[in-house]
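> What follows is upload39.cif, mmCIF, C-alpha atoms.
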data_entry
loop_
_atom_site.label_atom_id
_atom_site.label_comp_id
_atom_site.auth_asym_id
_atom_site.auth_seq_id
_atom_site.Cartn_x
_atom_site.Cartn_y
_atom_site.Cartn_z
CA MET P 1 -49.14 2.30 -70.62
CA THR P 2 -47.50 2.01 -74.00
CA THR P 3 -44.57 4.02 -75.28
CA ALA P 4 -46.66 4.85 -78.33
CA GLU P 5 -49.13 7.72 -78.28
CA PRO P 6 -52.60 6.44 -77.35
CA ARG P 7 -54.97 6.75 -80.29
CA ILE P 8 -58.22 5.89 -78.53
CA VAL P 9 -59.20 8.67 -76.14
CA PRO P 10 -62.28 8.27 -73.93
CA GLY P 11 -65.14 10.05 -75.65
CA GLY P 12 -63.03 10.87 -78.72
CA PRO P 13 -62.82 9.59 -82.28
CA ILE P 14 -60.55 6.82 -83.49
CA ALA P 15 -57.66 8.28 -85.46
CA PRO P 16 -55.52 6.37 -87.98
CA ALA P 17 -52.61 4.58 -86.35
CA ASP P 18 -49.19 6.12 -86.87
CA PRO P 19 -47.20 3.47 -88.79
CA ALA P 20 -43.93 4.81 -87.37
CA ARG P 21 -45.12 4.20 -83.80
CA TRP P 22 -47.62 1.36 -84.17
CA PRO P 23 -46.66 -0.52 -87.33
CA ASP P 24 -48.47 -3.67 -86.24
CA VAL P 25 -51.70 -1.72 -85.74
CA ALA P 26 -51.47 0.40 -88.90
CA ALA P 27 -51.19 -2.61 -91.21
CA VAL P 28 -53.28 -5.79 -91.24
CA PRO P 29 -50.88 -8.77 -91.19
CA ALA P 30 -50.72 -11.10 -94.18
CA SER P 31 -52.79 -14.21 -93.63
CA SER P 32 -53.58 -17.05 -96.01
CA PRO P 33 -57.24 -17.62 -96.93
CA LEU P 34 -57.08 -21.02 -95.21
CA ARG P 35 -55.74 -19.59 -91.94
CA THR P 36 -58.31 -16.82 -91.94
CA ALA P 37 -61.15 -19.27 -92.64
CA VAL P 38 -60.03 -21.64 -89.87
CA THR P 39 -59.71 -18.72 -87.45
CA SER P 40 -63.20 -17.52 -88.36
CA ALA P 41 -64.66 -20.96 -87.70
CA LEU P 42 -62.84 -21.32 -84.35
CA VAL P 43 -63.79 -17.83 -83.19
CA ARG P 44 -67.47 -18.27 -84.04
CA ARG P 45 -67.53 -21.69 -82.42
CA ALA P 46 -66.04 -20.26 -79.21
CA LEU P 47 -68.34 -17.23 -79.10
CA ARG P 48 -71.48 -19.19 -79.89
CA GLU P 49 -71.63 -20.65 -76.37
CA LEU P 50 -70.80 -17.47 -74.45
CA PRO P 51 -73.21 -15.08 -72.69
CA LEU P 52 -72.59 -12.24 -75.11
CA ARG P 53 -73.65 -11.16 -78.61
CA ALA P 54 -70.92 -11.14 -81.25
CA ARG P 55 -72.11 -9.28 -84.34
CA PHE P 56 -70.05 -9.74 -87.50
CA ALA P 57 -70.67 -7.12 -90.19
CA GLY P 58 -72.43 -8.73 -93.12
CA SER P 59 -72.63 -12.21 -91.58
CA GLY P 60 -74.98 -12.13 -88.60
CA THR P 61 -74.72 -12.55 -84.85
CA VAL P 62 -73.66 -15.44 -82.59
CA GLY P 63 -73.77 -15.90 -78.82
CA LEU P 64 -76.27 -16.51 -76.06
CA GLY P 65 -77.05 -12.84 -75.44
CA GLY P 66 -75.39 -10.24 -73.26
CA PRO P 67 -72.80 -7.51 -73.91
CA LEU P 68 -72.32 -6.70 -77.58
CA LEU P 69 -69.03 -7.42 -79.38
CA ASP P 70 -69.34 -5.55 -82.67
CA VAL P 71 -66.88 -6.82 -85.29
CA ARG P 72 -66.90 -4.14 -87.98
CA ASP P 73 -64.22 -5.64 -90.24
CA PRO P 74 -64.39 -9.46 -89.91
CA ALA P 75 -61.68 -10.13 -92.51
CA ALA P 76 -59.09 -7.93 -90.77
CA PHE P 77 -60.20 -9.14 -87.32
CA HIS P 78 -59.76 -12.82 -88.24
CA ALA P 79 -56.45 -12.14 -89.99
CA ARG P 80 -55.04 -10.49 -86.88
CA VAL P 81 -56.35 -13.11 -84.45
CA GLY P 82 -55.18 -15.93 -86.72
CA THR P 83 -51.63 -14.60 -87.01
CA ALA P 84 -51.05 -13.06 -83.56
CA GLY P 85 -53.66 -14.55 -81.20
CA LEU P 86 -54.48 -12.36 -78.21
CA VAL P 87 -52.01 -9.72 -79.36
CA GLY P 88 -53.89 -9.53 -82.64
CA PHE P 89 -57.22 -9.34 -80.81
CA GLY P 90 -56.02 -6.26 -78.93
CA GLU P 91 -54.44 -4.66 -81.98
CA SER P 92 -57.67 -5.19 -83.90
CA TYR P 93 -59.48 -3.15 -81.25
CA MET P 94 -56.82 -0.44 -81.46
CA ALA P 95 -57.34 -0.34 -85.23
CA GLY P 96 -61.09 0.12 -84.78
CA GLU P 97 -61.96 -3.21 -86.42
CA TRP P 98 -64.12 -4.20 -83.47
CA ASP P 99 -65.69 -2.35 -80.57
CA ALA P 100 -68.05 -2.92 -77.64
CA PRO P 101 -70.50 -0.39 -76.15
CA ASP P 102 -69.87 -2.07 -72.78
CA LEU P 103 -66.20 -2.92 -73.17
CA VAL P 104 -65.73 -3.96 -69.55
CA GLY P 105 -68.76 -6.26 -69.72
CA ALA P 106 -67.61 -7.92 -72.95
CA LEU P 107 -64.03 -8.42 -71.74
CA THR P 108 -65.30 -9.77 -68.41
CA VAL P 109 -67.23 -12.49 -70.25
CA LEU P 110 -64.21 -13.38 -72.40
CA ALA P 111 -61.86 -13.45 -69.39
CA ALA P 112 -64.23 -15.66 -67.39
CA HIS P 113 -64.18 -18.23 -70.20
CA ALA P 114 -60.56 -17.81 -71.26
CA ALA P 115 -59.70 -21.46 -70.63
CA GLU P 116 -62.52 -22.60 -72.93
CA LEU P 117 -62.01 -20.27 -75.89
CA ILE P 118 -59.26 -22.33 -77.52
CA PRO P 119 -59.88 -26.06 -78.17
CA ALA P 120 -57.87 -28.42 -75.96
CA PRO P 121 -55.70 -29.80 -78.81
CA LEU P 122 -54.62 -26.28 -79.73
CA GLN P 123 -54.02 -25.45 -76.07
CA ARG P 124 -51.55 -28.33 -75.89
CA LEU P 125 -49.77 -26.91 -78.92
CA ARG P 126 -49.63 -23.39 -77.48
CA GLY P 127 -45.84 -23.40 -77.65
CA LEU P 128 -45.99 -23.74 -81.44
CA TRP P 129 -48.40 -20.90 -82.22
CA ALA P 130 -48.37 -18.45 -79.31
CA PRO P 131 -45.88 -15.52 -79.57
CA ARG P 132 -42.90 -15.67 -77.21
CA GLN P 133 -41.48 -12.90 -75.04
CA PRO P 134 -38.82 -10.92 -76.92
CA HIS P 135 -35.35 -11.65 -75.59
CA GLU P 136 -34.67 -7.97 -74.95
CA GLU P 137 -37.62 -7.82 -72.51
CA ARG P 138 -36.12 -10.36 -70.11
CA ASN P 139 -35.88 -8.85 -66.66
CA THR P 140 -32.11 -8.77 -66.40
CA PRO P 141 -30.84 -5.69 -64.54
CA GLU P 142 -30.61 -3.76 -67.81
CA GLY P 143 -33.82 -5.19 -69.23
CA SER P 144 -35.72 -4.31 -66.06
CA ARG P 145 -34.62 -0.68 -66.26
CA THR P 146 -35.89 -0.45 -69.83
CA ASN P 147 -39.15 -2.25 -69.10
CA ILE P 148 -39.92 -0.11 -66.05
CA SER P 149 -39.08 3.12 -67.87
CA ARG P 150 -41.39 2.22 -70.76
CA HIS P 151 -44.32 1.99 -68.36
CA TYR P 152 -43.67 4.43 -65.52
CA ASP P 153 -41.67 7.21 -67.17
CA LEU P 154 -44.35 8.33 -69.63
CA SER P 155 -45.13 11.23 -67.26
CA ASN P 156 -46.43 11.64 -63.75
CA ASP P 157 -49.27 13.75 -65.14
CA LEU P 158 -50.58 10.72 -67.03
CA PHE P 159 -50.93 8.65 -63.86
CA ALA P 160 -52.41 11.60 -61.97
CA LEU P 161 -55.33 11.53 -64.41
CA PHE P 162 -56.73 8.41 -62.76
CA LEU P 163 -54.99 7.94 -59.39
CA ASP P 164 -56.20 9.65 -56.22
CA ASP P 165 -54.14 12.26 -54.37
CA THR P 166 -52.02 9.58 -52.66
CA LEU P 167 -50.75 8.53 -56.12
CA THR P 168 -50.99 4.90 -55.01
CA TYR P 169 -50.87 2.53 -58.00
CA SER P 170 -52.09 -0.72 -56.42
CA SER P 171 -55.23 -2.19 -54.92
CA ALA P 172 -56.94 -0.32 -52.11
CA VAL P 173 -58.87 -1.97 -49.26
CA PHE P 174 -62.39 -0.60 -48.76
CA ARG P 175 -64.74 -0.81 -45.80
CA GLY P 176 -67.60 -1.94 -48.02
CA PHE P 177 -69.04 -2.05 -51.53
CA PRO P 178 -69.86 -0.31 -53.73
CA ALA P 179 -66.82 1.89 -53.25
CA HIS P 180 -66.95 5.63 -53.90
CA GLY P 181 -64.26 7.73 -55.50
CA ASP P 182 -64.08 10.21 -52.65
CA ARG P 183 -63.07 7.35 -50.32
CA LEU P 184 -60.31 5.93 -52.50
CA ALA P 185 -57.48 7.80 -50.76
CA ALA P 186 -58.68 6.60 -47.35
CA ALA P 187 -58.90 3.05 -48.69
CA GLN P 188 -55.33 3.28 -49.98
CA HIS P 189 -54.14 4.48 -46.57
CA ARG P 190 -56.02 1.57 -44.98
CA LYS P 191 -54.17 -0.86 -47.23
CA ILE P 192 -50.77 0.76 -46.59
CA ASP P 193 -51.31 0.79 -42.83
CA ARG P 194 -52.32 -2.87 -42.97
CA LEU P 195 -49.05 -3.78 -44.68
CA LEU P 196 -46.99 -1.71 -42.26
CA ASP P 197 -48.77 -3.35 -39.33
CA LEU P 198 -48.11 -6.82 -40.73
CA ALA P 199 -44.42 -5.94 -41.10
CA GLU P 200 -44.46 -4.48 -37.56
CA VAL P 201 -43.13 -1.13 -38.75
CA GLY P 202 -42.88 1.46 -35.98
CA GLU P 203 -40.52 3.82 -34.21
CA GLY P 204 -36.91 3.07 -35.17
CA THR P 205 -37.72 0.30 -37.67
CA ARG P 206 -35.21 -0.03 -40.48
CA LEU P 207 -37.50 -0.54 -43.47
CA LEU P 208 -36.57 -1.52 -47.02
CA GLU P 209 -39.24 -0.79 -49.62
CA ILE P 210 -38.77 -2.47 -53.00
CA GLY P 211 -40.78 -0.46 -55.50
CA THR P 212 -41.29 3.15 -54.43
CA GLY P 213 -44.30 4.12 -56.48
CA TRP P 214 -44.73 7.84 -55.83
CA GLY P 215 -43.74 7.59 -52.19
CA GLU P 216 -46.94 7.28 -50.18
CA LEU P 217 -45.95 4.12 -48.28
CA ALA P 218 -42.55 5.60 -47.46
CA LEU P 219 -44.25 8.75 -46.19
CA ARG P 220 -46.57 6.84 -43.87
CA ALA P 221 -43.79 4.58 -42.61
CA ALA P 222 -41.57 7.57 -41.85
CA ALA P 223 -44.45 9.26 -40.02
CA ARG P 224 -44.45 6.21 -37.71
CA GLY P 225 -40.82 6.85 -36.91
CA ALA P 226 -39.27 4.32 -39.29
CA HIS P 227 -36.06 4.88 -41.25
CA VAL P 228 -36.92 4.01 -44.86
CA THR P 229 -34.78 3.05 -47.81
CA SER P 230 -36.97 2.89 -50.91
CA LEU P 231 -35.80 1.48 -54.26
CA THR P 232 -37.18 2.24 -57.72
CA LEU P 233 -36.04 2.00 -61.33
CA SER P 234 -38.26 4.87 -62.50
CA ARG P 235 -36.63 8.29 -62.63
CA GLU P 236 -40.02 10.00 -62.83
CA GLN P 237 -41.21 8.25 -59.69
CA ARG P 238 -37.96 8.82 -57.82
CA ASP P 239 -37.93 12.54 -58.53
CA LEU P 240 -41.54 13.15 -57.53
CA ALA P 241 -41.32 10.88 -54.47
CA ARG P 242 -38.29 12.82 -53.26
CA ASP P 243 -40.12 16.10 -53.72
CA ARG P 244 -43.16 14.83 -51.81
CA ILE P 245 -40.98 13.53 -48.98
CA ARG P 246 -39.06 16.79 -48.79
CA ALA P 247 -42.30 18.80 -48.78
CA ALA P 248 -43.54 16.70 -45.85
CA GLY P 249 -40.34 17.39 -43.90
CA LEU P 250 -39.41 13.70 -43.77
CA ASP P 251 -36.33 13.64 -45.99
CA GLN P 252 -34.11 12.87 -42.98
CA ARG P 253 -35.99 9.60 -42.49
CA VAL P 254 -36.45 8.48 -46.11
CA SER P 255 -33.94 7.76 -48.85
CA VAL P 256 -35.29 7.08 -52.34
CA GLU P 257 -32.70 5.45 -54.58
CA LEU P 258 -32.58 4.54 -58.26
CA CYS P 259 -31.53 0.96 -57.59
CA ASP P 260 -32.38 -2.58 -58.72
CA TYR P 261 -33.47 -4.94 -55.94
CA ARG P 262 -30.49 -7.16 -56.84
CA GLU P 263 -28.14 -4.29 -55.98
CA ALA P 264 -29.63 -3.56 -52.53
CA ARG P 265 -27.29 -3.66 -49.57
CA GLY P 266 -27.62 -3.47 -45.80
CA GLU P 267 -29.75 -5.17 -43.17
CA TYR P 268 -33.34 -4.25 -42.36
CA ASP P 269 -35.92 -5.11 -39.74
CA ALA P 270 -38.70 -5.22 -42.32
CA VAL P 271 -39.12 -5.40 -46.08
CA VAL P 272 -42.29 -4.28 -47.86
CA SER P 273 -42.91 -4.71 -51.57
CA VAL P 274 -46.23 -3.74 -53.14
CA GLU P 275 -47.17 -5.16 -56.53
CA MET P 276 -43.58 -5.19 -57.69
CA ILE P 277 -43.14 -8.95 -58.06
CA GLU P 278 -45.25 -8.77 -61.22
CA ALA P 279 -42.32 -6.98 -62.89
CA VAL P 280 -39.70 -9.52 -61.78
CA GLY P 281 -40.28 -12.30 -64.33
CA ALA P 282 -40.66 -15.99 -63.53
CA GLU P 283 -37.02 -16.85 -64.20
CA PHE P 284 -35.94 -14.28 -61.59
CA TRP P 285 -38.43 -15.14 -58.83
CA PRO P 286 -35.78 -17.15 -56.94
CA VAL P 287 -33.36 -14.22 -57.21
CA TYR P 288 -36.01 -11.82 -55.94
CA PHE P 289 -36.90 -13.89 -52.89
CA ARG P 290 -33.25 -14.51 -52.06
CA ALA P 291 -32.74 -10.74 -52.14
CA LEU P 292 -35.59 -10.31 -49.65
CA ASP P 293 -34.11 -12.99 -47.43
CA GLN P 294 -30.57 -11.61 -47.59
CA ARG P 295 -31.63 -8.07 -46.67
CA LEU P 296 -33.78 -9.16 -43.71
CA ALA P 297 -32.38 -9.14 -40.17
CA PRO P 298 -32.99 -12.24 -38.00
CA GLY P 299 -36.59 -12.19 -36.81
CA GLY P 300 -37.58 -9.63 -39.44
CA ARG P 301 -40.77 -9.69 -41.48
CA VAL P 302 -41.67 -9.29 -45.14
CA ALA P 303 -45.05 -7.90 -46.26
CA LEU P 304 -45.65 -8.65 -49.92
CA GLN P 305 -48.66 -7.50 -51.94
CA ALA P 306 -49.06 -9.22 -55.29
CA ILE P 307 -51.54 -9.72 -58.09
CA THR P 308 -51.93 -13.49 -58.54
CA MET P 309 -53.63 -15.92 -60.90
CA PRO P 310 -54.65 -19.60 -60.67
CA HIS P 311 -51.62 -21.89 -60.73
CA ASP P 312 -52.74 -24.01 -63.69
CA ARG P 313 -53.39 -20.92 -65.82
CA MET P 314 -50.02 -19.48 -64.81
CA LEU P 315 -48.27 -22.64 -65.95
CA ALA P 316 -50.17 -22.67 -69.23
CA THR P 317 -49.39 -19.04 -70.07
CA ARG P 318 -46.09 -18.28 -68.33
CA ASP P 319 -44.12 -18.25 -71.60
CA THR P 320 -46.78 -16.50 -73.69
CA PHE P 321 -46.35 -12.99 -75.04
CA THR P 322 -49.63 -11.06 -74.86
CA TRP P 323 -51.06 -7.68 -75.80
CA ILE P 324 -50.54 -6.54 -72.18
CA HIS P 325 -46.82 -7.32 -72.45
CA LYS P 326 -46.48 -5.58 -75.79
CA TYR P 327 -48.37 -2.39 -74.99
CA VAL P 328 -48.73 -2.05 -71.21
CA PHE P 329 -46.33 -4.03 -68.99
CA PRO P 330 -43.26 -5.20 -70.93
CA GLY P 331 -41.60 -8.06 -69.09
CA GLY P 332 -44.54 -8.49 -66.71
CA ARG P 333 -45.52 -11.91 -65.34
CA ILE P 334 -48.24 -12.59 -62.77
CA PRO P 335 -47.42 -15.39 -60.29
CA SER P 336 -49.74 -17.78 -58.48
CA THR P 337 -49.85 -17.97 -54.69
CA ARG P 338 -48.47 -21.50 -54.99
CA ALA P 339 -45.53 -20.26 -57.07
CA ILE P 340 -44.77 -17.60 -54.45
CA GLU P 341 -44.93 -20.08 -51.57
CA ASP P 342 -42.90 -22.73 -53.40
CA THR P 343 -40.21 -20.26 -54.46
CA ALA P 344 -39.84 -18.82 -50.97
CA ARG P 345 -39.68 -22.31 -49.43
CA ASP P 346 -37.20 -23.73 -51.94
CA HIS P 347 -34.81 -20.79 -52.16
CA THR P 348 -34.92 -18.92 -48.83
CA ARG P 349 -35.33 -19.23 -45.07
CA LEU P 350 -38.59 -17.29 -45.33
CA ARG P 351 -41.80 -18.97 -44.20
CA LEU P 352 -45.39 -17.95 -44.82
CA ALA P 353 -47.01 -16.50 -41.69
CA ARG P 354 -50.26 -15.14 -43.16
CA ARG P 355 -52.05 -14.86 -46.48
CA ASP P 356 -54.92 -12.47 -47.25
CA ALA P 357 -56.96 -12.16 -50.44
CA PHE P 358 -58.86 -9.06 -51.50
CA GLY P 359 -59.45 -9.45 -55.23
CA ALA P 360 -62.90 -7.85 -55.01
CA HIS P 361 -61.24 -4.72 -53.63
CA TYR P 362 -58.99 -4.59 -56.67
CA ALA P 363 -61.98 -4.81 -58.97
CA GLU P 364 -63.45 -1.76 -57.23
CA THR P 365 -60.10 0.07 -57.36
CA LEU P 366 -59.86 -0.53 -61.10
CA ARG P 367 -63.44 0.62 -61.62
CA LEU P 368 -62.76 3.89 -59.83
CA TRP P 369 -59.56 4.43 -61.81
CA ARG P 370 -61.40 3.76 -65.07
CA GLU P 371 -64.21 6.16 -64.21
CA ARG P 372 -61.75 8.88 -63.25
CA PHE P 373 -59.67 8.33 -66.40
CA THR P 374 -62.76 8.35 -68.64
CA GLU P 375 -63.90 11.59 -67.06
CA ARG P 376 -60.54 13.31 -67.43
CA GLY P 377 -59.12 11.45 -70.44
CA ARG P 378 -59.19 14.41 -72.82
CA ARG P 379 -56.37 15.92 -70.75
CA LEU P 380 -54.09 13.00 -71.62
CA PRO P 381 -50.55 14.32 -72.21
CA ARG P 382 -49.09 13.74 -75.63
CA PRO P 383 -45.42 12.68 -75.34
CA VAL P 384 -43.13 13.82 -78.14
CA PRO P 385 -41.06 10.98 -79.66
CA ASP P 386 -37.33 11.38 -79.86
CA ARG P 387 -37.21 8.75 -82.60
CA PRO P 388 -39.76 6.38 -84.15
CA GLY P 389 -41.07 3.85 -81.69
CA ARG P 390 -39.68 5.61 -78.64
CA THR P 391 -40.92 8.42 -76.42
CA ALA P 392 -38.85 11.28 -75.07
CA ARG P 393 -39.01 11.49 -71.27
CA PRO P 394 -41.30 14.39 -70.40
CA ARG P 395 -40.17 17.04 -67.98
CA ARG P 396 -41.05 16.38 -64.37
CA PRO P 397 -44.43 18.04 -63.77
CA ARG P 398 -44.33 20.68 -61.06
CA ARG P 399 -48.07 20.95 -60.44
CA LEU P 400 -48.09 17.55 -58.70
CA VAL P 401 -45.45 18.75 -56.28
CA ARG P 402 -47.44 21.87 -55.49
CA ARG P 403 -50.48 19.73 -54.80
CA VAL P 404 -48.76 17.87 -51.97
CA ARG P 405 -46.43 20.58 -50.69
CA GLY P 406 -46.85 20.98 -46.96
CA ARG P 407 -49.16 17.96 -46.67
CA ARG P 408 -48.13 15.41 -44.10
CA PRO P 409 -49.21 11.78 -44.29
#
Give the structure from this file in C-alpha cells form.

Amino acid sequence: MTTAEPRIVPGGPIAPADPARWPDVAAVPASSPLRTAVTSALVRRALRELPLRARFAGSGTVGLGGPLLDVRDPAAFHARVGTAGLVGFGESYMAGEWDAPDLVGALTVLAAHAAELIPAPLQRLRGLWAPRQPHEERNTPEGSRTNISRHYDLSNDLFALFLDDTLTYSSAVFRGFPAHGDRLAAAQHRKIDRLLDLAEVGEGTRLLEIGTGWGELALRAAARGAHVTSLTLSREQRDLARDRIRAAGLDQRVSVELCDYREARGEYDAVVSVEMIEAVGAEFWPVYFRALDQRLAPGGRVALQAITMPHDRMLATRDTFTWIHKYVFPGGRIPSTRAIEDTARDHTRLRLARRDAFGAHYAETLRLWRERFTERGRRLPRPVPDRPGRTARPRRPRRLVRRVRGRRP
C-alpha cells in the first residue's frame, strides 16, 4: 500500500499520474538510445522463450503463447526498464504503458522464470545496476516506525475492503481447495488456533505477540485464558485493536502497546509473531531473534509465521530495491527458512522444534483478497495529502468498531 493515491482502480480508467505524488511515474526517465536499444533486445530475448505472448505496439509479438502482455508504448517501457529495472517495470504499468488482460497469469509466468530473465553475466553484476535500498528506509527503531506507518496507517477502511471480518492480514489455512470466500474467516481462525496450540497457549499463559495486526490473535488467546501483551508500531492498528478487545470484554487480559520489539520488557511463557519478520530487515534479524530469546521464560515456546523464499534467490536479491519496496512495503525483506534457522542457531538459545509449509494456502488467501478488492475497489478511500509525497493520517473509522462490537472470538 503506497503513501501515494492509487491511480489504477479495479474496473476504472487510468488517470494521469500526479507529478507531486508520483514523480517517477508521471515522467519517463531519460535514457540514451543505446541503453534503450540494449534493453529492448534483452527484454525480447527473455520473453521469446516464455509461455506468454508479449505484444509490442508497432513491432509484433514474441513468446511461446499464453497470457498476453500488451506493451502499448515500447519506447517508454524500455526506457523505464533500462534505467530502473524491476522498479521501472512496475512504474511503467502504473503509467499505463503496458497492461495484461490476465495480470495474475502474466505475472505468474514472469515470477516463475525470474532467475532466467536476466543473463548470467548481468546477474553477477547486479550490484552495479540494481537500485539500492534508501538509507532512510533501514529498519532502525525510527526507520521502522516510518516504514510501518507508510503501509498500515493509510486507513483501516482500506484494509477492510479486502480482508474478512477477522481483519487478519496473513495467510489462512484451509481444509481444502479451491477455497471459498465465505470460509476465509474460519480458515484464519484455524491458522491462529494452530499457532496458539504450537506455542501451548492456554489458561494463565503469559503471551507476548510481536505484531498486533487488528487484534484477532490477541482476542483468541485471551479467550483461552491467556494474559496477552501485544506490540505494534501502527497507531491505526493499535486504536482499532483496542476497541475490538474492549468491545469483546477482554481488555483486562490484553494490553496493546505502541512499542518496537527491541523495546519489549518482561518475561513470557510464549511468544507469537505472525508475518512480522518480513518488516525486520536482514541486518536486524539477529537483533530480532535475540529479542525473542530474551523475552522467553525457560522452557517457553516461540511460534513464528513467515513468508519465505529460496535461499539462493534471497542471497541474490537481499540488497536490491524493488517496486514492492518503493510502493508497498518500504524496508521489507523476505527471509529464507535457512536464514531463519541459521540466525536463531548462531545468535540465540532457540532451537527449531517444528517447521510447517503452507504456501498453497497463501496463494488461495491472496486470490480471495484480490477478488474481494476487485469487487469493492470503487469504494477505495482517497487520503488527503498534508504535503506533496505524504499522506495525512485518516481519522479512525468508527464503522469497523461497530461491526465487531459485542462479538466474542
> For the provided coordinates, the residues matched by the PyMOL selection byres ((chain P and resi 40) around 9) should be stated as number ranges by chain.
P: 35-39, 41-45, 74-75, 77-79, 82
> For Gly281 in chain P, which residue among P:Gly88, P:Pro23, P:Pro310, P:Pro335 is the nearest when counting only C-alpha atoms?
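Distance minimum relative to Gly281 in chain P lands on P:Pro335.
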> Of the candidates P:Leu184, P:Leu110, P:Leu315, P:Val173, which shows the shortest atom-to-atom distance to Phe358 in chain P, using only C-alpha atoms?
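Ranking P:Leu184, P:Leu110, P:Leu315, P:Val173 by distance to Phe358 in chain P, first place goes to P:Val173.
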> Hey, which of P:Gly299, P:Pro141, P:Gly266, P:Pro19 ends up closest to Leu208 in chain P? Count all atoms listed in the file.
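Selected residue with least distance to Leu208 in chain P: P:Gly266.
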> In terms of the shortest atom-to-atom distance over only C-alpha atoms, which of P:His311, P:His347, P:Arg48, P:His227 is closest to Tyr268 in chain P?
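Counting only C-alpha atoms, the residue closest to Tyr268 in chain P is P:His227.
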